[in-house]
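run-v9.cif follows; it contains mmCIF, C-alpha atoms.
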data_input
loop_
_atom_site.label_atom_id
_atom_site.label_comp_id
_atom_site.auth_asym_id
_atom_site.auth_seq_id
_atom_site.Cartn_x
_atom_site.Cartn_y
_atom_site.Cartn_z
CA ASP A 1 14.68 -44.10 7.35
CA LEU A 2 17.11 -46.45 5.66
CA THR A 3 20.84 -45.72 5.55
CA LEU A 4 23.15 -46.15 2.57
CA ASP A 5 26.93 -46.19 3.10
CA LEU A 6 28.60 -45.42 -0.20
CA VAL A 7 31.54 -47.49 -1.46
CA GLU A 8 31.62 -45.70 -4.78
CA ALA A 9 30.03 -42.70 -6.50
CA LEU A 10 26.24 -42.66 -6.71
CA ASN A 11 24.98 -41.67 -10.17
CA ILE A 12 21.25 -41.52 -10.99
CA ASP A 13 20.02 -40.16 -14.32
CA THR A 14 16.30 -40.11 -15.13
CA SER A 15 16.49 -37.23 -17.60
CA THR A 16 15.81 -39.56 -20.54
CA ASN A 17 12.70 -41.08 -18.96
CA GLY A 18 9.78 -39.88 -21.03
CA ALA A 19 9.53 -36.45 -22.57
CA SER A 20 10.56 -34.53 -19.46
CA GLY A 21 12.56 -36.94 -17.33
CA GLY A 22 11.53 -38.59 -14.10
CA ASP A 23 11.57 -37.74 -10.40
CA ILE A 24 14.36 -38.91 -8.11
CA ASN A 25 13.01 -39.58 -4.62
CA LEU A 26 15.64 -40.29 -1.94
CA SER A 27 13.62 -38.70 0.88
CA GLY A 28 13.62 -41.91 2.93
CA LEU A 29 17.30 -42.72 2.47
CA ASN A 30 20.13 -41.28 4.59
CA ILE A 31 23.39 -41.40 2.66
CA ASN A 32 26.97 -41.38 4.03
CA GLY A 33 30.42 -41.96 2.60
CA GLU A 34 33.27 -39.99 1.04
CA PHE A 35 32.06 -40.37 -2.53
CA SER A 36 30.24 -38.09 -4.96
CA ILE A 37 26.48 -38.03 -5.58
CA ASN A 38 25.35 -36.98 -9.08
CA LEU A 39 21.63 -36.67 -9.77
CA ASN A 40 20.01 -35.66 -13.06
CA ALA A 41 16.20 -35.61 -13.16
CA GLY A 42 15.78 -33.44 -16.26
CA SER A 43 12.65 -31.39 -15.65
CA GLY A 44 11.58 -33.71 -12.84
CA ASN A 45 11.88 -33.26 -9.07
CA ILE A 46 14.60 -34.39 -6.66
CA SER A 47 13.89 -35.25 -3.00
CA LEU A 48 16.74 -35.67 -0.52
CA ALA A 49 16.98 -36.87 3.09
CA THR A 50 20.00 -36.36 5.38
CA ILE A 51 23.29 -36.70 3.51
CA GLY A 52 26.75 -36.92 5.06
CA ASP A 53 25.63 -37.02 8.69
CA THR A 54 28.24 -39.54 9.92
CA ALA A 55 30.61 -39.33 6.94
CA ALA A 56 30.39 -36.35 4.61
CA VAL A 57 30.06 -37.12 0.92
CA SER A 58 32.76 -35.69 -1.33
CA SER A 59 30.33 -33.66 -3.47
CA LEU A 60 26.68 -33.32 -4.52
CA MET A 61 25.50 -32.38 -8.01
CA THR A 62 21.82 -31.86 -8.82
CA LEU A 63 20.71 -31.27 -12.40
CA ASN A 64 17.00 -30.63 -12.66
CA THR A 65 14.66 -27.81 -13.53
CA GLY A 66 11.85 -29.00 -11.27
CA ASN A 67 11.72 -28.78 -7.47
CA ILE A 68 14.34 -29.85 -4.96
CA GLU A 69 12.77 -31.02 -1.70
CA LEU A 70 14.98 -31.18 1.37
CA PHE A 71 14.12 -33.51 4.27
CA GLY A 72 17.47 -33.22 6.08
CA ASN A 73 20.86 -31.52 6.22
CA ILE A 74 23.57 -32.14 3.66
CA ASN A 75 27.31 -32.19 4.40
CA ASN A 76 29.85 -32.45 1.63
CA LEU A 77 33.62 -32.13 1.74
CA GLU A 78 33.73 -29.87 -1.30
CA GLY A 79 31.68 -27.21 0.48
CA ILE A 80 29.92 -26.24 -2.74
CA PHE A 81 26.19 -26.46 -3.50
CA ASP A 82 24.54 -25.38 -6.74
CA PHE A 83 20.73 -25.51 -6.87
CA SER A 84 20.47 -22.74 -9.44
CA ASN A 85 19.00 -24.95 -12.18
CA ALA A 86 15.95 -25.81 -10.07
CA SER A 87 12.75 -23.79 -10.13
CA SER A 88 12.17 -24.11 -6.39
CA VAL A 89 13.75 -25.44 -3.19
CA ILE A 90 11.20 -26.68 -0.66
CA LEU A 91 12.04 -27.17 3.02
CA ASN A 92 10.40 -30.12 4.76
CA GLU A 93 12.58 -29.83 7.87
CA ASN A 94 14.76 -27.21 9.59
CA ILE A 95 17.77 -26.97 7.28
CA ILE A 96 21.36 -25.84 8.02
CA PHE A 97 24.01 -25.29 5.34
CA GLY A 98 27.57 -25.11 6.73
CA ASP A 99 28.30 -24.11 10.32
CA SER A 100 29.85 -21.24 12.23
CA GLU A 101 33.26 -22.93 12.33
CA LEU A 102 33.33 -24.19 8.74
CA TYR A 103 31.65 -21.94 6.19
CA LEU A 104 30.72 -23.30 2.77
CA ALA A 105 32.78 -22.08 -0.17
CA SER A 106 29.58 -21.28 -2.08
CA LEU A 107 25.84 -21.88 -1.97
CA LEU A 108 24.04 -20.94 -5.15
CA PHE A 109 20.26 -20.87 -5.30
CA GLY A 110 20.29 -18.62 -8.35
CA ASP A 111 16.70 -17.60 -9.08
CA ALA A 112 15.20 -20.68 -7.44
CA SER A 113 12.53 -19.75 -4.91
CA ILE A 114 12.83 -21.10 -1.35
CA ASN A 115 9.67 -22.06 0.52
CA GLY A 116 8.49 -24.05 3.53
CA ASN A 117 7.41 -23.22 7.08
CA TYR A 118 10.73 -24.29 8.61
CA ASP A 119 13.98 -22.60 9.67
CA LEU A 120 16.79 -21.98 7.17
CA THR A 121 20.30 -21.27 8.46
CA ILE A 122 23.18 -20.53 6.09
CA PHE A 123 26.93 -20.19 6.66
CA SER A 124 28.50 -19.56 3.26
CA SER A 125 31.15 -17.17 1.95
CA ILE A 126 29.46 -16.84 -1.45
CA LEU A 127 25.67 -16.85 -1.66
CA THR A 128 23.00 -16.16 -4.27
CA LEU A 129 19.31 -16.13 -3.39
CA GLY A 130 16.00 -16.18 -5.20
CA GLU A 131 12.69 -15.25 -3.63
CA ILE A 132 12.26 -16.58 -0.09
CA GLY A 133 8.93 -17.48 1.48
CA GLN A 134 6.69 -16.02 -1.21
CA ASN A 135 4.52 -19.15 -1.54
CA ILE A 136 5.02 -20.57 1.96
CA ALA A 137 6.70 -18.26 4.49
CA LEU A 138 9.78 -19.59 6.26
CA GLU A 139 9.82 -19.62 10.05
CA ASN A 140 13.27 -18.18 10.90
CA LEU A 141 15.99 -17.15 8.45
CA SER A 142 19.66 -16.71 9.38
CA ILE A 143 22.23 -15.76 6.73
CA ASN A 144 25.95 -15.48 7.48
CA THR A 145 28.65 -14.71 4.88
CA LEU A 146 31.66 -13.81 7.09
CA ASP A 147 33.25 -10.68 5.56
CA GLN A 148 31.85 -11.27 2.07
CA PRO A 149 29.23 -8.99 0.45
CA ILE A 150 25.64 -10.05 -0.09
CA ASN A 151 23.13 -8.65 -2.59
CA ILE A 152 19.47 -9.18 -1.74
CA ASN A 153 17.46 -8.40 -4.84
CA ASN A 154 14.54 -10.78 -4.31
CA ASP A 155 11.80 -10.51 -1.68
CA ILE A 156 12.07 -12.30 1.68
CA ASN A 157 9.06 -13.26 3.80
CA THR A 158 9.18 -15.07 7.16
CA ALA A 159 6.81 -15.74 10.03
CA ARG A 160 9.50 -15.04 12.62
CA ASP A 161 13.07 -13.68 12.85
CA ILE A 162 15.39 -12.60 10.04
CA ALA A 163 19.11 -12.14 10.75
CA ILE A 164 21.68 -11.26 8.08
CA ASN A 165 25.38 -10.91 8.90
CA ALA A 166 27.76 -10.02 6.09
CA GLY A 167 30.60 -7.84 4.86
CA SER A 168 28.53 -5.32 2.93
CA ILE A 169 24.75 -5.64 2.56
CA ASP A 170 22.92 -4.30 -0.47
CA VAL A 171 19.11 -4.56 -0.50
CA SER A 172 16.85 -3.76 -3.45
CA SER A 173 13.72 -5.69 -2.47
CA LYS A 174 11.23 -6.24 0.35
CA ILE A 175 12.22 -7.97 3.60
CA ILE A 176 9.14 -8.78 5.69
CA SER A 177 8.69 -10.53 9.03
CA THR A 178 5.11 -10.90 10.21
CA GLY A 179 5.96 -12.20 13.69
CA GLY A 180 9.59 -11.52 14.54
CA GLU A 181 12.44 -9.04 14.30
CA ILE A 182 14.74 -8.07 11.43
CA LYS A 183 18.46 -7.63 12.06
CA LEU A 184 21.05 -6.59 9.47
CA ASN A 185 24.65 -6.54 10.72
CA SER A 186 27.36 -5.37 8.32
CA LEU A 187 31.11 -4.91 8.54
CA THR A 188 31.40 -2.28 5.81
CA GLY A 189 28.01 -0.65 5.26
CA ILE A 190 24.37 -1.13 4.31
CA THR A 191 22.84 0.32 1.14
CA MET A 192 19.25 0.23 -0.08
CA SER A 193 17.56 1.14 -3.33
CA THR A 194 14.72 3.64 -3.36
CA GLU A 195 12.20 0.76 -3.60
CA THR A 196 13.53 -1.21 -0.61
CA GLU A 197 11.08 -1.94 2.21
CA LEU A 198 11.80 -3.56 5.58
CA SER A 199 8.75 -4.43 7.68
CA ALA A 200 8.56 -6.07 11.12
CA THR A 201 4.84 -5.84 11.79
CA ASP A 202 5.04 -7.45 15.24
CA SER A 203 8.53 -6.56 16.51
CA ASP A 204 11.72 -4.54 15.91
CA ILE A 205 14.20 -3.63 13.17
CA THR A 206 17.92 -3.30 13.96
CA LEU A 207 20.60 -2.17 11.49
CA GLN A 208 24.28 -1.97 12.39
CA ALA A 209 27.48 -1.28 10.45
CA ALA A 210 30.96 -1.42 11.98
CA GLU A 211 32.27 0.78 9.16
CA GLY A 212 30.73 2.73 6.31
CA ASP A 213 27.38 4.42 5.91
CA ILE A 214 23.89 3.06 6.39
CA SER A 215 21.60 4.31 3.64
CA ILE A 216 17.94 3.61 4.36
CA ALA A 217 14.79 3.55 2.27
CA SER A 218 11.54 2.57 4.04
CA LEU A 219 11.56 0.87 7.46
CA GLU A 220 8.44 0.05 9.46
CA ALA A 221 8.30 -1.72 12.84
CA LEU A 222 5.66 -2.19 15.49
CA ASP A 223 7.97 -1.28 18.36
CA ASN A 224 11.57 -0.12 17.86
CA VAL A 225 13.86 0.80 15.00
CA THR A 226 17.52 1.05 16.00
CA ILE A 227 20.22 2.08 13.52
CA THR A 228 23.91 2.31 14.44
CA ALA A 229 26.61 3.49 12.04
CA GLN A 230 29.69 3.05 14.21
CA ALA A 231 32.05 4.75 11.74
CA GLY A 232 29.79 6.43 9.23
CA ASN A 233 26.59 8.32 8.47
CA ILE A 234 22.89 7.47 8.38
CA LEU A 235 21.50 8.69 5.05
CA ASN A 236 18.21 8.92 3.16
CA ALA A 237 18.33 6.56 0.15
CA ILE A 238 14.98 7.77 -1.25
CA ASN A 239 15.94 11.45 -1.04
CA ASP A 240 12.64 12.91 -2.31
CA TYR A 241 11.93 15.36 0.50
CA ILE A 242 10.18 18.56 -0.60
CA SER A 243 8.08 19.28 2.47
CA ASN A 244 6.47 17.36 5.31
CA LYS A 245 3.42 16.93 3.10
CA SER A 246 5.41 15.91 0.04
CA THR A 247 7.89 13.21 0.99
CA SER A 248 8.44 9.52 1.48
CA THR A 249 8.88 8.32 5.06
CA ASN A 250 12.13 6.58 6.01
CA ILE A 251 11.19 5.24 9.45
CA THR A 252 7.86 4.42 11.06
CA ALA A 253 7.98 3.02 14.61
CA GLY A 254 7.01 3.86 18.19
CA THR A 255 10.60 4.34 19.37
CA ILE A 256 13.43 5.29 17.02
CA ASN A 257 17.10 5.16 18.03
CA LEU A 258 19.64 6.61 15.59
CA ASN A 259 23.37 6.54 16.37
CA ALA A 260 26.10 7.68 13.98
CA SER A 261 29.72 8.71 14.36
CA GLY A 262 29.13 11.08 11.45
CA GLN A 263 25.88 12.74 10.39
CA ILE A 264 22.26 11.73 10.63
CA GLY A 265 20.75 12.96 7.37
CA MET A 266 22.77 14.83 4.76
CA SER A 267 21.22 18.31 4.82
CA VAL A 268 17.97 20.23 5.29
CA ASP A 269 17.09 19.14 1.75
CA SER A 270 17.90 15.50 2.51
CA PRO A 271 16.80 14.70 6.08
CA ILE A 272 15.85 11.38 7.63
CA VAL A 273 12.05 11.47 7.52
CA ILE A 274 10.52 10.03 10.68
CA ASN A 275 7.03 9.11 11.83
CA ALA A 276 7.07 7.95 15.45
CA GLY A 277 3.52 9.02 16.18
CA LYS A 278 2.42 11.75 18.56
CA ASP A 279 3.38 9.62 21.58
CA GLY A 280 6.58 8.25 20.06
CA LYS A 281 10.19 8.86 21.06
CA LEU A 282 13.32 9.77 19.10
CA ASN A 283 16.76 9.15 20.58
CA LEU A 284 19.46 10.70 18.39
CA THR A 285 23.23 10.57 18.84
CA ALA A 286 25.70 11.85 16.24
CA GLY A 287 29.31 12.97 16.00
CA ASP A 288 28.31 15.63 13.46
CA LYS A 289 25.11 17.33 12.33
CA ILE A 290 21.59 15.89 12.62
CA TYR A 291 19.00 16.59 9.92
CA ILE A 292 15.53 15.09 10.35
CA ALA A 293 11.91 15.75 9.46
CA ASN A 294 9.93 14.76 12.55
CA LEU A 295 6.51 14.52 10.91
CA LEU A 296 4.40 14.37 14.08
CA ASN A 297 6.76 16.28 16.40
CA SER A 298 7.51 13.23 18.54
CA ALA A 299 9.49 13.78 21.75
CA THR A 300 13.20 14.03 20.87
CA THR A 301 16.43 13.69 22.84
CA SER A 302 19.84 14.24 21.27
CA ASN A 303 23.47 14.92 22.10
CA THR A 304 23.75 17.86 19.70
CA ASP A 305 21.68 20.41 17.82
CA VAL A 306 18.96 18.96 15.62
CA PHE A 307 17.93 20.58 12.35
CA ASP A 308 14.30 19.47 12.32
CA ASN A 309 12.46 20.55 9.17
CA SER A 310 9.14 20.32 11.00
CA LEU A 311 10.28 22.85 13.60
CA LEU A 312 12.04 25.04 11.02
CA THR A 313 8.85 25.21 8.95
CA ALA A 314 6.74 26.05 12.01
CA SER A 315 9.24 28.72 13.06
CA ALA A 316 9.29 30.25 9.60
CA ASN A 317 5.50 30.34 9.40
CA ALA A 318 5.25 31.91 12.85
CA ASP A 319 7.84 34.55 11.92
CA ILE A 320 5.97 35.35 8.73
CA MET A 321 2.70 35.84 10.60
CA SER A 322 4.39 37.91 13.28
CA GLN A 323 5.90 40.28 10.73
CA LEU A 324 2.69 40.58 8.75
CA LYS A 325 0.64 41.33 11.87
CA LYS A 326 3.20 43.85 13.10
CA GLU A 327 3.45 45.77 9.85
CA THR A 328 -0.23 45.70 8.92
CA SER A 329 -1.08 47.24 12.28
CA ASN A 330 0.96 50.30 11.27
CA THR A 331 0.00 50.72 7.62
CA LEU A 332 -2.15 49.37 4.84
CA LYS A 333 0.16 50.56 2.07
CA PHE A 334 1.75 47.38 0.64
CA ASN A 335 4.29 49.39 -1.32
CA SER A 336 5.67 51.02 1.80
CA PHE A 337 5.65 48.42 4.60
CA GLU A 338 8.46 45.91 5.01
CA ILE A 339 7.37 42.27 4.73
CA SER A 340 10.90 41.17 5.50
CA ASP A 341 13.87 42.92 3.96
CA PRO A 342 13.11 46.35 2.46
CA ILE A 343 15.93 45.93 -0.04
CA TRP A 344 14.01 43.30 -2.00
CA GLN A 345 11.36 45.89 -2.90
CA LEU A 346 13.88 48.28 -4.45
CA LYS A 347 15.10 48.36 -8.02
CA GLN A 348 18.22 46.36 -8.66
CA SER A 349 20.22 49.53 -9.31
CA ASP A 350 19.30 50.84 -5.86
CA GLN A 351 19.89 47.59 -3.99
CA ASP A 352 23.64 47.80 -4.40
CA PHE A 353 23.75 50.95 -2.29
CA LYS A 354 21.37 49.96 0.46
CA THR A 355 21.89 48.05 3.68
CA THR A 356 19.37 46.79 6.19
CA ASN A 357 19.18 45.46 9.70
CA SER A 358 15.78 43.82 9.30
CA SER A 359 15.12 40.08 9.40
CA PRO A 360 15.98 37.80 6.44
CA ARG A 361 13.82 38.07 3.36
CA ILE A 362 10.73 35.91 2.92
CA TYR A 363 10.12 34.12 -0.38
CA TYR A 364 7.79 31.42 -1.69
CA SER A 365 9.07 28.28 -3.43
CA ASN A 366 7.89 24.73 -4.11
CA GLN A 367 8.76 24.07 -0.45
CA GLY A 368 6.32 26.69 0.78
CA TRP A 369 7.13 29.99 2.57
CA ARG A 370 10.84 30.20 3.40
CA LEU A 371 13.22 32.56 5.20
CA GLY A 372 16.60 33.53 3.77
CA ASN A 373 17.80 33.70 0.19
CA PRO A 374 16.32 31.38 -2.43
#

I need this file expressed as structure tokens, please.
Amino acid sequence: DLTLDLVEALNIDTSTNGASGGDINLSGLNINGEFSINLNAGSGNISLATIGDTAAVSSLMTLNTGNIELFGNINNLEGIFDFSNASSVILNENIIFGDSELYLASLLFGDASINGNYDLTIFSSILTLGEIGQNIALENLSINTLDQPININNDINTARDIAINAGSIDVSSKIISTGGEIKLNSLTGITMSTETELSATDSDITLQAAEGDISIASLEALDNVTITAQAGNILNAINDYISNKSTSTNITAGTINLNASGQIGMSVDSPIVINAGKDGKLNLTAGDKIYIANLLNSATTSNTDVFDNSLLTASANADIMSQLKKETSNTLKFNSFEISDPIWQLKQSDQDFKTTNSSPRIYYSNQGWRLGNP
């Protein structure tokens, strides 16, 4: 490639060429020098090689609604990139924005899609993202925003690893890796919408928050799912549990490790719904209560009592059958034998004066046969 050392600002404007402007192709030209670069291609495309490798440029402005093709890294002293006018950013090389010692002030992709079977690494305090890897999956994706929040509301698709490190992480889309692991690491909590899906079809999923809750929707991994809320709870973001046969599943994996300083699940009505398979393993550690629905009764270890809806339902059904068998062996008169609590058969006026020592009453609801009071 050729090298251009700037001695003044570089301004190229092809927006008036023809009806839609013209392409600007600098893919074979490395540019250095502490001056600004201003490119306007109208609706055309812009192609860029390495910029600011030996001497960072002062700033880079791209004005075009076509594609931006990147063939090298770009360093500018301003620390600001705005590609939000473009329709797509295409990687033709492994690309790094910023570095771990000097984060960018902002990197704005807006709604521009990002494609190309290369690695993308980002160190930026402020970041906006469009769809990633929907036309051509990226290889590896690493996003770092220091202690700043990040909102991921467009789908991400990679062939290998995905790592996101941020202040707070809010996900309302699909994050998919077909050949690597997914790691979300937050300082202040992870939240997901009810439609969020994380899928690592060939590896693991790891979620961690130093503070705050981790609220999960649907996670699916080939091997392990590990979630650690160091100073918070692990909660069900979908929250549609009615019974084991009428619910969404929060976690599907062979081995599931859940660690929380607070609760795992919110209540019996809002458990973490788990499918680890019949040969799977659950490792649960909590500083407070644990509420799960272990759909296939996978082997479970925990540091405290576990309220498992699957076991509670089985226990309730067994108790119902035991009582019915016991009473029907003594009498066939339904109006005289006690299904559960004899008080419930009496008139309301008589119930106030009666007491019982029998087991809790049995009732039927939209959750099936239940013990206790509705």

> If we count all atoms listed in the file, what is near Phe81 of chain A at a cut-off of 8 Å, once residues fewer than 5 positions away on the same chain are taken out, given as a list in words?
Replying inline: Leu60, Met61, Ser106, Leu107 and Leu108 of chain A

> Which of these residues is nearest to Ser168 of chain A, using all atoms listed in the file: A:Ser215, A:Asn140, A:Thr304, A:Asn154?
Replying inline: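 Between A:Ser215, A:Asn140, A:Thr304, A:Asn154, the residue approaching Ser168 of chain A most closely is A:Ser215.
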
>> Since I can't run it myself right now, could you work out what the PyMOL selection byres ((chain A and resi 123) around 10) selects here and report it as a PyMOL selection string?
In response: chain A and resi 96-107+121-122+124-127+142-146+165

>> Take the PyMOL selection byres ((chain A and resi 69) around 12), run it mentally on this structure, and tell me the resulting residues as a PyMOL selection string.
In response: chain A and resi 23-28+44-50+62+64+66-68+70-73+83+86-93+95+113-116

>> Residues near Val171 of chain A, anyone? I mean within 7 Å using all atoms listed in the file, not counting same-chain ones fewer than 6 positions away, as a ChimeraX atom specification.
In response: /A:151-153,191-193,196

>> Give me, as a ChimeraX atom specification, all polymer residues having an atom no more than 9 Å from Lys183 of chain A, counting all atoms listed in the file and skipping those fewer than 4 positions away in the same chain.
In response: /A:161-165,204-208

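Shortest separation to Ser177 of chain A among A:Thr16, A:Ser58, A:Asn297, A:Ser203 occurs at residue A:Ser203, atoms counted being only C-alpha atoms.
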
What would segment 177-203 of chain A look like with N, CA and C atoms in place, written as a PDB file, keeping the file's coordinate frame?
ATOM      1  N   SER A 177       8.940  -9.560   7.967  1.00  0.00           N
ATOM      2  CA  SER A 177       8.690 -10.530   9.030  1.00  0.00           C
ATOM      3  C   SER A 177       7.351 -10.194   9.652  1.00  0.00           C
ATOM      4  N   THR A 178       6.445 -11.165   9.663  1.00  0.00           N
ATOM      5  CA  THR A 178       5.110 -10.900  10.210  1.00  0.00           C
ATOM      6  C   THR A 178       5.019 -11.214  11.697  1.00  0.00           C
ATOM      7  N   GLY A 179       6.058 -11.850  12.283  1.00  0.00           N
ATOM      8  CA  GLY A 179       5.960 -12.200  13.690  1.00  0.00           C
ATOM      9  C   GLY A 179       7.264 -12.150  14.456  1.00  0.00           C
ATOM     10  N   GLY A 180       8.295 -11.580  13.876  1.00  0.00           N
ATOM     11  CA  GLY A 180       9.590 -11.520  14.540  1.00  0.00           C
ATOM     12  C   GLY A 180      10.345 -10.254  14.190  1.00  0.00           C
ATOM     13  N   GLU A 181      11.629 -10.220  14.537  1.00  0.00           N
ATOM     14  CA  GLU A 181      12.440  -9.040  14.300  1.00  0.00           C
ATOM     15  C   GLU A 181      13.334  -9.211  13.082  1.00  0.00           C
ATOM     16  N   ILE A 182      13.815  -8.093  12.560  1.00  0.00           N
ATOM     17  CA  ILE A 182      14.740  -8.070  11.430  1.00  0.00           C
ATOM     18  C   ILE A 182      16.041  -7.433  11.899  1.00  0.00           C
ATOM     19  N   LYS A 183      17.152  -8.149  11.685  1.00  0.00           N
ATOM     20  CA  LYS A 183      18.460  -7.630  12.060  1.00  0.00           C
ATOM     21  C   LYS A 183      19.419  -7.736  10.878  1.00  0.00           C
ATOM     22  N   LEU A 184      20.004  -6.605  10.486  1.00  0.00           N
ATOM     23  CA  LEU A 184      21.050  -6.590   9.470  1.00  0.00           C
ATOM     24  C   LEU A 184      22.326  -6.079  10.131  1.00  0.00           C
ATOM     25  N   ASN A 185      23.376  -6.887  10.070  1.00  0.00           N
ATOM     26  CA  ASN A 185      24.650  -6.540  10.720  1.00  0.00           C
ATOM     27  C   ASN A 185      25.746  -6.610   9.668  1.00  0.00           C
ATOM     28  N   SER A 186      26.378  -5.459   9.385  1.00  0.00           N
ATOM     29  CA  SER A 186      27.360  -5.370   8.320  1.00  0.00           C
ATOM     30  C   SER A 186      28.708  -4.905   8.845  1.00  0.00           C
ATOM     31  N   LEU A 187      29.773  -5.390   8.202  1.00  0.00           N
ATOM     32  CA  LEU A 187      31.110  -4.910   8.540  1.00  0.00           C
ATOM     33  C   LEU A 187      31.444  -3.602   7.850  1.00  0.00           C
ATOM     34  N   THR A 188      30.931  -3.411   6.623  1.00  0.00           N
ATOM     35  CA  THR A 188      31.400  -2.280   5.810  1.00  0.00           C
ATOM     36  C   THR A 188      30.292  -1.389   5.271  1.00  0.00           C
ATOM     37  N   GLY A 189      29.053  -1.574   5.672  1.00  0.00           N
ATOM     38  CA  GLY A 189      28.010  -0.650   5.260  1.00  0.00           C
ATOM     39  C   GLY A 189      26.780  -1.336   4.711  1.00  0.00           C
ATOM     40  N   ILE A 190      25.652  -0.631   4.796  1.00  0.00           N
ATOM     41  CA  ILE A 190      24.370  -1.130   4.310  1.00  0.00           C
ATOM     42  C   ILE A 190      23.805  -0.109   3.328  1.00  0.00           C
ATOM     43  N   THR A 191      23.450  -0.563   2.138  1.00  0.00           N
ATOM     44  CA  THR A 191      22.840   0.320   1.140  1.00  0.00           C
ATOM     45  C   THR A 191      21.502  -0.251   0.724  1.00  0.00           C
ATOM     46  N   MET A 192      20.577   0.641   0.370  1.00  0.00           N
ATOM     47  CA  MET A 192      19.250   0.230  -0.080  1.00  0.00           C
ATOM     48  C   MET A 192      18.886   1.034  -1.312  1.00  0.00           C
ATOM     49  N   SER A 193      18.114   0.411  -2.197  1.00  0.00           N
ATOM     50  CA  SER A 193      17.560   1.140  -3.330  1.00  0.00           C
ATOM     51  C   SER A 193      16.358   1.941  -2.867  1.00  0.00           C
ATOM     52  N   THR A 194      15.868   2.803  -3.736  1.00  0.00           N
ATOM     53  CA  THR A 194      14.720   3.640  -3.360  1.00  0.00           C
ATOM     54  C   THR A 194      13.465   2.808  -3.138  1.00  0.00           C
ATOM     55  N   GLU A 195      13.391   1.591  -3.730  1.00  0.00           N
ATOM     56  CA  GLU A 195      12.200   0.760  -3.600  1.00  0.00           C
ATOM     57  C   GLU A 195      12.257  -0.202  -2.412  1.00  0.00           C
ATOM     58  N   THR A 196      13.370  -0.242  -1.690  1.00  0.00           N
ATOM     59  CA  THR A 196      13.530  -1.210  -0.610  1.00  0.00           C
ATOM     60  C   THR A 196      12.553  -0.947   0.532  1.00  0.00           C
ATOM     61  N   GLU A 197      11.971  -2.034   1.049  1.00  0.00           N
ATOM     62  CA  GLU A 197      11.080  -1.940   2.210  1.00  0.00           C
ATOM     63  C   GLU A 197      11.467  -3.017   3.213  1.00  0.00           C
ATOM     64  N   LEU A 198      11.615  -2.623   4.481  1.00  0.00           N
ATOM     65  CA  LEU A 198      11.800  -3.560   5.580  1.00  0.00           C
ATOM     66  C   LEU A 198      10.611  -3.394   6.518  1.00  0.00           C
ATOM     67  N   SER A 199       9.956  -4.504   6.852  1.00  0.00           N
ATOM     68  CA  SER A 199       8.750  -4.430   7.680  1.00  0.00           C
ATOM     69  C   SER A 199       8.766  -5.531   8.718  1.00  0.00           C
ATOM     70  N   ALA A 200       8.710  -5.137  10.001  1.00  0.00           N
ATOM     71  CA  ALA A 200       8.560  -6.070  11.120  1.00  0.00           C
ATOM     72  C   ALA A 200       7.258  -5.704  11.818  1.00  0.00           C
ATOM     73  N   THR A 201       6.168  -6.295  11.363  1.00  0.00           N
ATOM     74  CA  THR A 201       4.840  -5.840  11.790  1.00  0.00           C
ATOM     75  C   THR A 201       4.512  -6.203  13.220  1.00  0.00           C
ATOM     76  N   ASP A 202       5.349  -7.044  13.862  1.00  0.00           N
ATOM     77  CA  ASP A 202       5.040  -7.450  15.240  1.00  0.00           C
ATOM     78  C   ASP A 202       6.251  -7.303  16.162  1.00  0.00           C
ATOM     79  N   SER A 203       7.324  -6.610  15.682  1.00  0.00           N
ATOM     80  CA  SER A 203       8.530  -6.560  16.510  1.00  0.00           C
ATOM     81  C   SER A 203       9.416  -5.381  16.109  1.00  0.00           C
TER      82      SER A 203
END
